[in-house]
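Notes follow the structure.
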Number of protein chains: 2
Amino acid sequence: MADEKTLVRFGILGCAEIARKVCRAITLSPNSTVYAISSRTIEKAKQFATNNNLPELVTIYGSYEEVLDDPYVDAVYVPLPTSLHLKWAVMAANKRKHVLLEKPTALNVGELDQILEACESNGVQFMDGSMWYHHPRTARMKEFLMDPNLFGEVKTIYSSSSFLPPPEFFENNIRTKADLDSLGALGDAGWYCIGAILWSMNYKLPTTVTALPATIRNTNGVIMSTTVAFYWEQEGTTATFYCSFLSHETMDVSVLGSKGSFHVEDLIIPYEETSAPYYFTSCASFADLHLGWSVAEQEVQVHNELPQEALMIQEFSRLVQEIKDSTITPDRRWGGISRASQVVLDAVKSSVDNGFKTLYL
Amino acid sequence: MADEKTLVRFGILGCAEIARKVCRAITLSPNSTVYAISSRTIEKAKQFATNNNLPELVTIYGSYEEVLDDPYVDAVYVPLPTSLHLKWAVMAANKRKHVLLEKPTALNVGELDQILEACESNGVQFMDGSMWYHHPRTARMKEFLMDPNLFGEVKTIYSSSSFLPPPEFFENNIRTKADLDSLGALGDAGWYCIGAILWSMNYKLPTTVTALPATIRNTNGVIMSTTVAFYWEQEGTTATFYCSFLSHETMDVSVLGSKGSFHVEDLIIPYEETSAPYYFTSCASFADLHLGWSVAEQEVQVHNELPQEALMIQEFSRLVQEIKDSTITPDRRWGGISRASQVVLDAVKSSVDNGFKTLYL
C-alpha cells in the first residue's frame with residue numbers, strides 16, 4: 001500500500017449508478033482514495049455516501065463546482081450525462097484536475113477535442129472510463145493478435161454489446177433522452193463494440209462506415225438498436241457490430257485472422273471478478289477426410305488480482321502521480337484511443353441520420 | 001442393422017475429395033450401402049475404390065451414365081463441380097434415382113428449380129449435402145432458439161465460415177475456376193453461413209441483402225472472400241456473415257435473442273466426431289454494481305452415436321426406403337431448405353456483381 005500522502009485524491013462529480021462501481025474501484029486501487037463526492041443536492045450526495053459505506057473523512061459537496069474548487073482534489077471522475085461532459089470536463093481541466101471521463105466521452109468529436117485541448121493545455125491526464133482495456137486478458141489477447149505466426153493479419157471482426165433493461169429504463173433512464181444521452185445504445189453499448197474493433201485494428205480508422213436500415217429509435221429519436229459495417233480498404237478487412245437496449249445481454253468480440261482466431265463473450269464485464277477467459281484457435285486445418293479439426297479451440301483463463309475497474313483507476317492514478325511528481329507528462333495515448341472511438345461513433349450516427357449512407361472517413 | 005435387402009443402394013457420381021467422407025458415411029449408416037462408384041475413367045474409379053478400401057462387391061463404372069442406368073442403384077450422391085449439377089441431377093431424377101446433391105446445389109435458383117422439378121415429377125427424394133443439419137446438436141440448439149422464455153425473438157445473427165487452403169488450391173481447385181464452381185468461397189463456405197442464418201430465421205428470406213465492398217475475387221473473377229449483411233424488415237432482425245478462402249479456419253454461428261443467446265464455433269465440422277458443444281446464456285443481467293453477470297454462460301455437450309454425415313445418410317436413406325415401400329411421398333422440406341439458401345446466395349452474388357447494391361427479395 002502506498003503512503004496516505006501519495007494516494008491520488010479523487011472527487012466524483014455526480015452520483016450515477018456507475019459511480020458506485022467506480023467509487024469501490026478507487027477504494028480497491030492501492031494508489032488512490034475517494035476524497036470528495038458531490039451531487040446537485042447535498043442530501044443526494046449524503047445518501048450516496050451512506051449507501052456506499054464511504055468513510056466519514058470523505059468530503060460531501062452539494063455542487064460539482066465545490067469539488068473543482070477543492071485544492072486537495074487531484075482528479076475527478078465524471079459520470080454525468082454525456083450532454084454535460086463538455087462543460088464539466090473542460091472546467092475540471094482548467095482547474096488543473098486530472099479527468100477520468102465516463103463514456104461516451106462527448107456528444108461528438110468536436111466537443112471531445114475541446115476537452116482534450118483543455119487537458120493538454122493544463123497538463124492534466126485524460127482517460128475515458130472503458131474498463132476492459134485494463135484487464136490483463138486484454139493484453140494477453142493483444143499479444144496473440146500481434147503474433148504473425150499464431151494470428152497473422154486481421155481479416156474480419158465481429159462484436160455485439162447488448163442488454164435488455166426493465167421497462168422503467170425506457171421511461172426514465174438518461175440513455176433514452178435526447179437532451180441527456182442522445183447517443184443512446186450507440187453511445188453506451190456501441191462504444192464498446194467500436195472500441196473493441198478499433199483495438200483489434202490498432203486504432204486505425206476504417207475507410208467506410210455504414211449503418212444498416214435495421215436501426216431502431218425511440219419516440220425521442222434516440223437510437224435503441226443498430227447494426228453497423230466497417231471496411232478498411234487497404235487491408236481488405238471488414239468488421240460488423242450490433243449494439244442494442246432491446247436484446248439479451250451480450251459482450252461478444254470475435255477476431256479472425258489469416259492464421260488464427262479468438263473470441264470472448266464477456267468483454268465488458270467479465271463473468272468473474274478475478275479471472276476471465278478467452279478462446280483461441282491457431283493454424284487449424286481439416287483433419288483427414290474432413291472428419292474433424294487438426295487442432296481444437298483452446299481456453300485461456302487470465303487471472304487478475306484486482307478487478308478491471310480498479311486496474312483502470314490504478315493506471316490512471318499512476319499516471320497522475322507521476323505527473324504530480326514531474327517525472328512524466330500526460331500520456332496522450334488514452335485521449336487518442338477515446339478520440340478514435342468518438343470519430344467512428346460520429347460516423348455511425350451520421351450514417352444513421354443520412355438514410356444509412358456509407359460514410360468515408 | 002437392416003437386412004441387406006432393405007439397404008438403400010448408393011451410386012456415387014465422381015471421386016471428389018468430399019466423396020471419400022460421404023462414402024465412409026454411407027458405410028457407417030445402418031440403412032445404406034455403397035453399391036456403385038464412378039469416375040470419368042475406370043482407372044480413377046478403381047483407384048478410389050482401393051484408396052477407400054471399398055469391398056470387391058462394389059460396382060465400378062468408368063462413366064456417370066452407367067451408374068444411372070444400373071437398375072439396382074436406388075440413390076445417387078453427386079459431388080461433381082456445381083456447373084455439372086443441373087445436367088446430372090436432372091438426369092438422375094429422370095432415371096428415378098433419389099438425389100443427394102453436394103452444395104452449392106446449383107449455379108443459380110433457376111437451375112435448382114429445374115432439378116427440384118425433375119425430382120418432384122419423378123417422385124424421388126432430394127436433399128443437399130449440408131451435414132450439420134443432421135447433428136443432434138442442431139436440434140438441441142433449435143429447441144433453445146424456439147423457446148419463448150429462454151430465447152425469445154431473434155435479434156441478430158453472425159456467422160463466419162473460412163479456411164486458408166494451401167497455395168496449390170488457388171491454382172488447381174475447382175472452387176477457384178469460373179467454369180466449374182464459379183460461386184467460389186460464397187458457394188462453398190458462404191453456403192453454410194447462409195444456411196445457418198436462414199435456419200435461425202425458420203427459413204424466412206431476408207427483406208434485403210447487401211454485400212460489402214470488401215469482396216475479393218481471384219483473376220478468374222471468382223469470389224475468394226466476402227462480407228454480407230441481411231435485414232428482415234418486419235422483425236427488425238439483422239444478420240452478417242463473412243466467408244473466405246483467405247482466413248484461418250472458422251465455423252462460427254452466434255444467435256442473439258431478446259432473452260437469450262447461444263454460439264458455436266465448430267458448426268460445419270465438429271471438433272470431435274461423437275460429441276459437439278454449444279454455449280448459451282439466458283435471462284442474464286448485470287449483477288449488483290455491475291461487478292459480473294447474474295448467470296454465466298453454460299456449455300452443453302451433445303453426444304452423437306454416428307457422425308453427422310452418417311446421420312445425414314441415414315435420414316436420406318430412411319426417406320428413400322419409405323418412398324420405395326410406398327408409405328410416404330418425397331419430403332419436400334429438404335428441397336425448400338436448399339432453395340431458400342440458393343435464393344439468398346443468388347442475391348449476394350447479384351449484390352457483388354452490381355457494385356454492392358442492396359437487393360430487395
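Naming works like this for the C-alpha cells: A, B, ... for the chains as they're shown, residue 1 at the start of each chain, ligands 1 onward in shown order.
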**Prompt:** Which parts of segment 91-317 of chain A does DSSP call helix (DSSP H, G or I) when run on the backbone here, written out as a VMD selection string?
**Reply:** chain A and resid 91 to 94 109 to 122 132 to 134 136 to 145 167 to 172 174 to 176 184 to 187 189 to 200 288 to 290 308 to 317
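Using only C-alpha atoms, the protein and nucleic acid residues lying no more than 9 Å from Lys357 of chain B, apart from those fewer than 4 places from it along its own chain, are Val209, Thr210, Ala211, Leu212, Ser350, Ser351, Val352 and Asp353 of chain B.
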Can you pull out the residues contacting Ala93 of chain A? Cut-off 12 Å, using only C-alpha atoms, and skip same-chain residues under 3 positions away; I want them as a compact mmCIF listing (two decimals) with all heavy atoms, in the first residue's frame.
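After the write, selection_22.txt holds the following:
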```
# COMPACT_ATOMS: atom_id res chain seq x y z
N LEU A 68 -14.43 20.97 -7.76
CA LEU A 68 -13.36 21.53 -8.61
C LEU A 68 -12.57 22.61 -7.89
O LEU A 68 -11.39 22.84 -8.21
CB LEU A 68 -13.97 22.09 -9.90
CG LEU A 68 -14.78 21.11 -10.76
CD1 LEU A 68 -15.15 21.76 -12.09
CD2 LEU A 68 -14.02 19.82 -11.01
N ASP A 69 -13.21 23.27 -6.92
CA ASP A 69 -12.53 24.33 -6.18
C ASP A 69 -11.74 23.81 -4.99
O ASP A 69 -10.99 24.55 -4.37
CB ASP A 69 -13.55 25.38 -5.71
CG ASP A 69 -14.02 26.25 -6.87
OD1 ASP A 69 -13.23 26.42 -7.84
OD2 ASP A 69 -15.17 26.72 -6.84
N ASP A 74 -7.13 15.88 -6.55
CA ASP A 74 -6.17 15.74 -7.65
C ASP A 74 -6.87 15.48 -8.97
O ASP A 74 -6.43 15.95 -10.02
CB ASP A 74 -5.24 14.54 -7.40
CG ASP A 74 -4.38 14.71 -6.16
OD1 ASP A 74 -3.78 15.79 -6.01
OD2 ASP A 74 -4.33 13.75 -5.35
N ALA A 75 -7.90 14.64 -8.90
CA ALA A 75 -8.50 14.13 -10.13
C ALA A 75 -10.00 14.01 -9.94
O ALA A 75 -10.47 13.79 -8.82
CB ALA A 75 -7.93 12.75 -10.45
N VAL A 76 -10.72 14.15 -11.05
CA VAL A 76 -12.17 13.95 -10.96
C VAL A 76 -12.61 12.80 -11.84
O VAL A 76 -12.03 12.53 -12.89
CB VAL A 76 -12.97 15.21 -11.37
CG1 VAL A 76 -12.81 16.31 -10.32
CG2 VAL A 76 -12.57 15.71 -12.75
N TYR A 77 -13.62 12.12 -11.33
CA TYR A 77 -14.30 11.10 -12.14
C TYR A 77 -15.65 11.70 -12.51
O TYR A 77 -16.40 12.15 -11.63
CB TYR A 77 -14.47 9.81 -11.34
CG TYR A 77 -15.42 8.83 -11.99
CD1 TYR A 77 -15.16 8.33 -13.27
CD2 TYR A 77 -16.59 8.42 -11.35
CE1 TYR A 77 -16.04 7.46 -13.89
CE2 TYR A 77 -17.47 7.53 -11.95
CZ TYR A 77 -17.19 7.06 -13.22
OH TYR A 77 -18.07 6.19 -13.82
N VAL A 78 -15.96 11.71 -13.82
CA VAL A 78 -17.16 12.40 -14.31
C VAL A 78 -18.15 11.41 -14.94
O VAL A 78 -18.02 11.05 -16.10
CB VAL A 78 -16.77 13.49 -15.36
CG1 VAL A 78 -18.02 14.29 -15.77
CG2 VAL A 78 -15.68 14.41 -14.83
N HIS A 85 -20.75 16.60 -20.40
CA HIS A 85 -19.31 16.30 -20.36
C HIS A 85 -18.47 17.50 -20.75
O HIS A 85 -17.46 17.81 -20.10
CB HIS A 85 -18.98 15.11 -21.27
CG HIS A 85 -19.38 13.79 -20.68
ND1 HIS A 85 -18.95 12.59 -21.20
CD2 HIS A 85 -20.16 13.47 -19.61
CE1 HIS A 85 -19.44 11.58 -20.49
NE2 HIS A 85 -20.19 12.10 -19.52
N LEU A 86 -18.84 18.14 -21.85
CA LEU A 86 -18.03 19.26 -22.35
C LEU A 86 -17.82 20.30 -21.25
O LEU A 86 -16.69 20.66 -20.92
CB LEU A 86 -18.70 19.89 -23.58
CG LEU A 86 -18.01 21.13 -24.13
CD1 LEU A 86 -16.60 20.82 -24.62
CD2 LEU A 86 -18.84 21.74 -25.29
N LYS A 87 -18.92 20.73 -20.68
CA LYS A 87 -18.85 21.79 -19.67
C LYS A 87 -17.98 21.40 -18.47
O LYS A 87 -17.04 22.09 -18.10
CB LYS A 87 -20.27 22.14 -19.18
CG LYS A 87 -20.30 23.11 -18.01
CD LYS A 87 -21.72 23.41 -17.57
CE LYS A 87 -21.67 24.24 -16.26
NZ LYS A 87 -23.02 24.58 -15.79
N TRP A 88 -18.27 20.23 -17.91
CA TRP A 88 -17.63 19.88 -16.64
C TRP A 88 -16.22 19.33 -16.82
O TRP A 88 -15.35 19.56 -15.96
CB TRP A 88 -18.51 18.93 -15.84
CG TRP A 88 -19.74 19.66 -15.35
CD1 TRP A 88 -21.00 19.60 -15.86
CD2 TRP A 88 -19.77 20.63 -14.30
NE1 TRP A 88 -21.84 20.44 -15.20
CE2 TRP A 88 -21.12 21.10 -14.22
CE3 TRP A 88 -18.82 21.17 -13.41
CZ2 TRP A 88 -21.52 22.06 -13.29
CZ3 TRP A 88 -19.23 22.12 -12.48
CH2 TRP A 88 -20.57 22.56 -12.44
N ALA A 89 -15.97 18.64 -17.92
CA ALA A 89 -14.61 18.13 -18.14
C ALA A 89 -13.66 19.28 -18.44
O ALA A 89 -12.53 19.32 -17.93
CB ALA A 89 -14.60 17.11 -19.28
N VAL A 90 -14.12 20.24 -19.24
CA VAL A 90 -13.27 21.39 -19.55
C VAL A 90 -13.03 22.22 -18.28
O VAL A 90 -11.89 22.63 -17.99
CB VAL A 90 -13.91 22.26 -20.67
CG1 VAL A 90 -13.23 23.62 -20.76
CG2 VAL A 90 -13.84 21.53 -22.01
N ARG A 96 -7.14 22.44 -13.23
CA ARG A 96 -5.97 21.55 -13.06
C ARG A 96 -6.30 20.22 -12.39
O ARG A 96 -5.47 19.66 -11.66
CB ARG A 96 -4.85 22.27 -12.26
CG ARG A 96 -4.35 23.55 -12.89
CD ARG A 96 -3.51 23.25 -14.12
NE ARG A 96 -3.38 24.42 -14.98
CZ ARG A 96 -2.36 25.28 -14.95
NH1 ARG A 96 -1.36 25.07 -14.11
NH2 ARG A 96 -2.33 26.32 -15.75
N LYS A 97 -7.53 19.75 -12.62
CA LYS A 97 -7.87 18.42 -12.13
C LYS A 97 -7.70 17.43 -13.28
O LYS A 97 -8.13 17.69 -14.41
CB LYS A 97 -9.34 18.35 -11.66
CG LYS A 97 -9.74 19.42 -10.65
CD LYS A 97 -8.89 19.42 -9.40
CE LYS A 97 -9.43 20.41 -8.37
NZ LYS A 97 -8.45 20.68 -7.28
N HIS A 98 -7.08 16.31 -13.00
CA HIS A 98 -6.97 15.23 -13.98
C HIS A 98 -8.38 14.67 -14.21
O HIS A 98 -9.18 14.63 -13.27
CB HIS A 98 -6.01 14.16 -13.49
CG HIS A 98 -4.64 14.74 -13.21
ND1 HIS A 98 -3.68 14.86 -14.18
CD2 HIS A 98 -4.11 15.27 -12.07
CE1 HIS A 98 -2.60 15.43 -13.65
NE2 HIS A 98 -2.84 15.69 -12.37
N VAL A 99 -8.65 14.22 -15.44
CA VAL A 99 -10.04 13.91 -15.82
C VAL A 99 -10.21 12.45 -16.24
O VAL A 99 -9.66 12.01 -17.25
CB VAL A 99 -10.50 14.83 -16.98
CG1 VAL A 99 -11.93 14.46 -17.41
CG2 VAL A 99 -10.42 16.29 -16.57
N LEU A 100 -10.98 11.71 -15.43
CA LEU A 100 -11.43 10.38 -15.83
C LEU A 100 -12.90 10.53 -16.21
O LEU A 100 -13.75 10.78 -15.36
CB LEU A 100 -11.27 9.40 -14.66
CG LEU A 100 -11.74 7.96 -14.92
CD1 LEU A 100 -10.90 7.28 -16.01
CD2 LEU A 100 -11.68 7.14 -13.64
N LEU A 101 -13.17 10.38 -17.51
CA LEU A 101 -14.47 10.76 -18.06
C LEU A 101 -15.25 9.52 -18.51
O LEU A 101 -14.72 8.70 -19.27
CB LEU A 101 -14.24 11.70 -19.25
CG LEU A 101 -15.46 12.31 -19.94
CD1 LEU A 101 -16.26 13.18 -18.98
CD2 LEU A 101 -14.99 13.16 -21.14
N GLN A 114 -12.37 19.73 -27.69
CA GLN A 114 -12.28 20.84 -26.73
C GLN A 114 -11.84 20.32 -25.36
O GLN A 114 -11.05 20.97 -24.66
CB GLN A 114 -13.63 21.56 -26.60
CG GLN A 114 -14.03 22.32 -27.87
CD GLN A 114 -15.38 23.02 -27.68
OE1 GLN A 114 -15.53 23.86 -26.81
NE2 GLN A 114 -16.35 22.64 -28.50
N ILE A 115 -12.35 19.16 -25.00
CA ILE A 115 -11.97 18.56 -23.70
C ILE A 115 -10.49 18.17 -23.72
O ILE A 115 -9.74 18.48 -22.77
CB ILE A 115 -12.86 17.32 -23.41
CG1 ILE A 115 -14.32 17.74 -23.20
CG2 ILE A 115 -12.33 16.56 -22.19
CD1 ILE A 115 -15.32 16.58 -23.15
N LEU A 116 -10.07 17.52 -24.80
CA LEU A 116 -8.67 17.08 -24.89
C LEU A 116 -7.73 18.28 -24.92
O LEU A 116 -6.65 18.25 -24.32
CB LEU A 116 -8.47 16.20 -26.13
CG LEU A 116 -9.19 14.84 -26.13
CD1 LEU A 116 -8.98 14.11 -27.45
CD2 LEU A 116 -8.72 13.97 -24.96
N GLU A 117 -8.15 19.34 -25.60
CA GLU A 117 -7.35 20.56 -25.68
C GLU A 117 -7.22 21.20 -24.29
O GLU A 117 -6.13 21.65 -23.90
CB GLU A 117 -8.00 21.52 -26.69
CG GLU A 117 -7.49 22.95 -26.68
CD GLU A 117 -5.98 23.08 -26.83
OE1 GLU A 117 -5.37 22.20 -27.48
OE2 GLU A 117 -5.41 24.04 -26.26
N ALA A 118 -8.30 21.20 -23.54
CA ALA A 118 -8.26 21.76 -22.18
C ALA A 118 -7.32 20.92 -21.30
O ALA A 118 -6.54 21.48 -20.50
CB ALA A 118 -9.66 21.80 -21.58
N CYS A 119 -7.35 19.62 -21.44
CA CYS A 119 -6.46 18.74 -20.65
C CYS A 119 -5.00 19.00 -21.07
O CYS A 119 -4.11 19.12 -20.22
CB CYS A 119 -6.82 17.28 -20.86
SG CYS A 119 -8.39 16.82 -20.09
N GLU A 120 -4.80 19.06 -22.36
CA GLU A 120 -3.45 19.28 -22.90
C GLU A 120 -2.86 20.60 -22.39
O GLU A 120 -1.74 20.64 -21.88
CB GLU A 120 -3.57 19.30 -24.45
CG GLU A 120 -2.29 19.54 -25.21
CD GLU A 120 -1.42 18.30 -25.29
OE1 GLU A 120 -1.91 17.20 -25.01
OE2 GLU A 120 -0.22 18.45 -25.61
N SER A 121 -3.63 21.67 -22.51
CA SER A 121 -3.09 22.99 -22.16
C SER A 121 -2.91 23.15 -20.66
O SER A 121 -2.13 23.98 -20.21
CB SER A 121 -3.96 24.10 -22.75
OG SER A 121 -5.26 24.01 -22.22
N ASN A 122 -3.62 22.34 -19.89
CA ASN A 122 -3.47 22.41 -18.43
C ASN A 122 -2.55 21.33 -17.87
O ASN A 122 -2.39 21.21 -16.64
CB ASN A 122 -4.84 22.33 -17.77
CG ASN A 122 -5.64 23.62 -17.93
OD1 ASN A 122 -5.30 24.64 -17.33
ND2 ASN A 122 -6.64 23.59 -18.79
N GLY A 123 -2.02 20.50 -18.77
CA GLY A 123 -1.07 19.47 -18.34
C GLY A 123 -1.69 18.40 -17.46
O GLY A 123 -1.00 17.83 -16.60
N VAL A 124 -2.98 18.12 -17.67
CA VAL A 124 -3.61 17.07 -16.86
C VAL A 124 -3.89 15.82 -17.71
O VAL A 124 -4.05 15.89 -18.93
CB VAL A 124 -4.92 17.55 -16.19
CG1 VAL A 124 -4.63 18.68 -15.20
CG2 VAL A 124 -5.98 17.99 -17.22
N GLN A 125 -3.94 14.70 -17.01
CA GLN A 125 -4.18 13.41 -17.67
C GLN A 125 -5.65 13.27 -18.04
O GLN A 125 -6.53 13.65 -17.27
CB GLN A 125 -3.77 12.28 -16.73
CG GLN A 125 -3.94 10.89 -17.31
CD GLN A 125 -3.06 10.65 -18.55
OE1 GLN A 125 -1.88 11.03 -18.55
NE2 GLN A 125 -3.62 10.07 -19.58
N PHE A 126 -5.89 12.69 -19.22
CA PHE A 126 -7.25 12.36 -19.64
C PHE A 126 -7.34 10.85 -19.83
O PHE A 126 -6.42 10.21 -20.35
CB PHE A 126 -7.60 13.04 -20.97
CG PHE A 126 -8.93 12.61 -21.53
CD1 PHE A 126 -10.10 13.28 -21.18
CD2 PHE A 126 -9.03 11.51 -22.38
CE1 PHE A 126 -11.34 12.86 -21.67
CE2 PHE A 126 -10.26 11.09 -22.88
CZ PHE A 126 -11.41 11.77 -22.52
```
Can you write out as a tab-separated table which residues of chain A fall within 6 Å of chain B, alongside each residue's closest atom pair and its distance in Å to one decimal, counting only C-alpha atoms and ordering rows by chain and ascending residue number?
```
residue	atom	partner	partner_atom	distance
A:Lys21	CA	B:Leu289	CA	5.4
A:Ala214	CA	B:Gly236	CA	5.6
A:Gly236	CA	B:Ala214	CA	5.7
A:Ser247	CA	B:Ser258	CA	4.1
A:His248	CA	B:Lys259	CA	4.7
A:Gly257	CA	B:Ser247	CA	5.9
A:Ser258	CA	B:Ser247	CA	4.1
A:Lys259	CA	B:His248	CA	4.7
A:Gly260	CA	B:His248	CA	5.3
A:Ile269	CA	B:Gly292	CA	5.8
A:Pro270	CA	B:Gly292	CA	6.0
A:Tyr271	CA	B:Gly292	CA	5.0
A:Glu272	CA	B:Gly292	CA	5.9
A:Leu289	CA	B:Lys21	CA	5.4
A:Gly292	CA	B:Tyr271	CA	5.0
A:Trp293	CA	B:Tyr271	CA	5.4
A:Ala296	CA	B:Tyr271	CA	5.9
```
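The residue set within 7 Å of segment 28-42 of chain B, counting only C-alpha atoms and dropping same-chain residues fewer than 4 places from it, reads Met1, Ala2, Leu7, Val8, Arg9, Phe10, Gly11, Ile12, Leu13, Gly14, Cys15, Cys23, Arg24, Lys46, Val58, Thr59, Ile60, Tyr61, Gly62, Ser63, Tyr64, Val67, Val73, Ala310, Leu311, Ile313, Gln314 and Ser317 of chain B.
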**Message:** For the structure I just gave you, how does DSSP split segment 69-240 of chain B - specifically, which residues are strand (DSSP E)? Reply as number ranges by chain.
**Reply:** B: 75-78, 98-101, 126-128, 154-162, 208-211, 216-217, 223-232, 237-240
Could you write those residues out with C-alpha atoms, as a tab-separated table (two decimals), in the first residue's frame?
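Resulting contents of selection-v1.tsv:
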```tsv
chain	number	residue	atom	x	y	z
B	75	ALA	CA	-29.96	-43.19	-55.00
B	76	VAL	CA	-27.03	-41.16	-56.23
B	77	TYR	CA	-24.67	-38.92	-54.37
B	78	VAL	CA	-23.47	-36.11	-56.67
B	98	HIS	CA	-33.10	-40.32	-55.48
B	99	VAL	CA	-30.68	-37.37	-55.41
B	100	LEU	CA	-28.26	-36.38	-52.66
B	101	LEU	CA	-26.61	-33.31	-54.17
B	126	PHE	CA	-33.95	-34.56	-52.95
B	127	MET	CA	-31.51	-33.45	-50.27
B	128	ASP	CA	-28.36	-31.34	-50.35
B	154	VAL	CA	-34.16	-13.42	-32.84
B	155	LYS	CA	-32.47	-10.01	-32.88
B	156	THR	CA	-29.21	-10.55	-34.73
B	157	ILE	CA	-27.18	-13.42	-36.17
B	158	TYR	CA	-23.49	-13.61	-37.03
B	159	SER	CA	-21.75	-16.38	-38.88
B	160	SER	CA	-18.34	-16.95	-40.36
B	161	SER	CA	-17.04	-19.80	-42.43
B	162	SER	CA	-13.47	-19.69	-43.62
B	208	THR	CA	-32.63	-7.01	-48.07
B	209	VAL	CA	-29.24	-8.46	-48.91
B	210	THR	CA	-26.15	-6.26	-49.14
B	211	ALA	CA	-22.60	-7.40	-49.87
B	216	ILE	CA	-12.08	-10.18	-53.00
B	217	ARG	CA	-12.11	-12.03	-56.34
B	223	ILE	CA	-15.20	-14.71	-55.10
B	224	MET	CA	-12.47	-15.64	-52.61
B	225	SER	CA	-13.86	-13.67	-49.67
B	226	THR	CA	-16.90	-11.55	-48.88
B	227	THR	CA	-18.82	-9.94	-46.02
B	228	VAL	CA	-22.59	-9.65	-46.25
B	229	ALA	CA	-25.45	-8.05	-44.31
B	230	PHE	CA	-29.11	-9.15	-44.20
B	231	TYR	CA	-32.14	-7.36	-42.83
B	232	TRP	CA	-35.63	-8.65	-42.05
B	237	THR	CA	-33.68	-8.58	-37.31
B	238	THR	CA	-30.20	-8.31	-38.84
B	239	ALA	CA	-27.55	-10.83	-39.78
B	240	THR	CA	-23.99	-10.50	-41.00
```
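The list of residues with at least one atom within 9 Å of Ser83 of chain B, based on only C-alpha atoms and without residues fewer than 2 positions apart in the same chain, reads Leu80, Pro81, His85, Leu86, Lys87, Ala106, Leu107, Asp179, Leu180, Asp181 and Ser182 of chain B.
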How would the residues just chosen look if you wrote them out with C-alpha atoms as a compact mmCIF listing (two decimals), in the first residue's frame?
```txt
# COMPACT_ATOMS: atom_id res chain seq x y z
CA LEU B 80 -19.49 -33.03 -59.09
CA PRO B 81 -18.50 -29.40 -59.75
CA HIS B 85 -25.20 -30.31 -61.12
CA LEU B 86 -28.08 -29.33 -63.41
CA LYS B 87 -27.23 -31.91 -66.05
CA ALA B 106 -26.66 -25.14 -58.43
CA LEU B 107 -25.19 -22.09 -60.13
CA ASP B 179 -16.33 -22.63 -65.43
CA LEU B 180 -16.56 -25.20 -62.60
CA ASP B 181 -17.50 -23.67 -59.24
CA SER B 182 -17.95 -20.05 -60.17
```
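Here atom CA of His135 of chain A and atom CA of Val320 of chain A stand 19.4 Å from one another.
Proximity ranking of A:Gln298, A:Ala340, A:Phe280, A:Pro166 relative to Leu150 of chain A places A:Phe280 first, based on only C-alpha atoms.
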**Request:** Would you kindly return, as a PyMOL selection string, each protein, DNA or RNA residue with an atom no farther than 8 Å from any atom of Val264 of chain A, considering only C-alpha atoms and excluding same-chain residues fewer than 4 positions away?
**Result:** chain A and resi 251-254+277-279
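Going from atom CA of Leu205 of chain A to atom CA of Gly336 of chain A covers 11.6 Å.
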**Message:** Between B:Asp331, B:Asp70, B:Asp346, B:Glu102, which residue has the minimum interatomic distance to Phe316 of chain B, considering only C-alpha atoms?
**Reply:** B:Asp331
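Computed from the coordinates, the atom CA of Ile323 of chain B to atom CA of Ser338 of chain B distance equals 20.3 Å.
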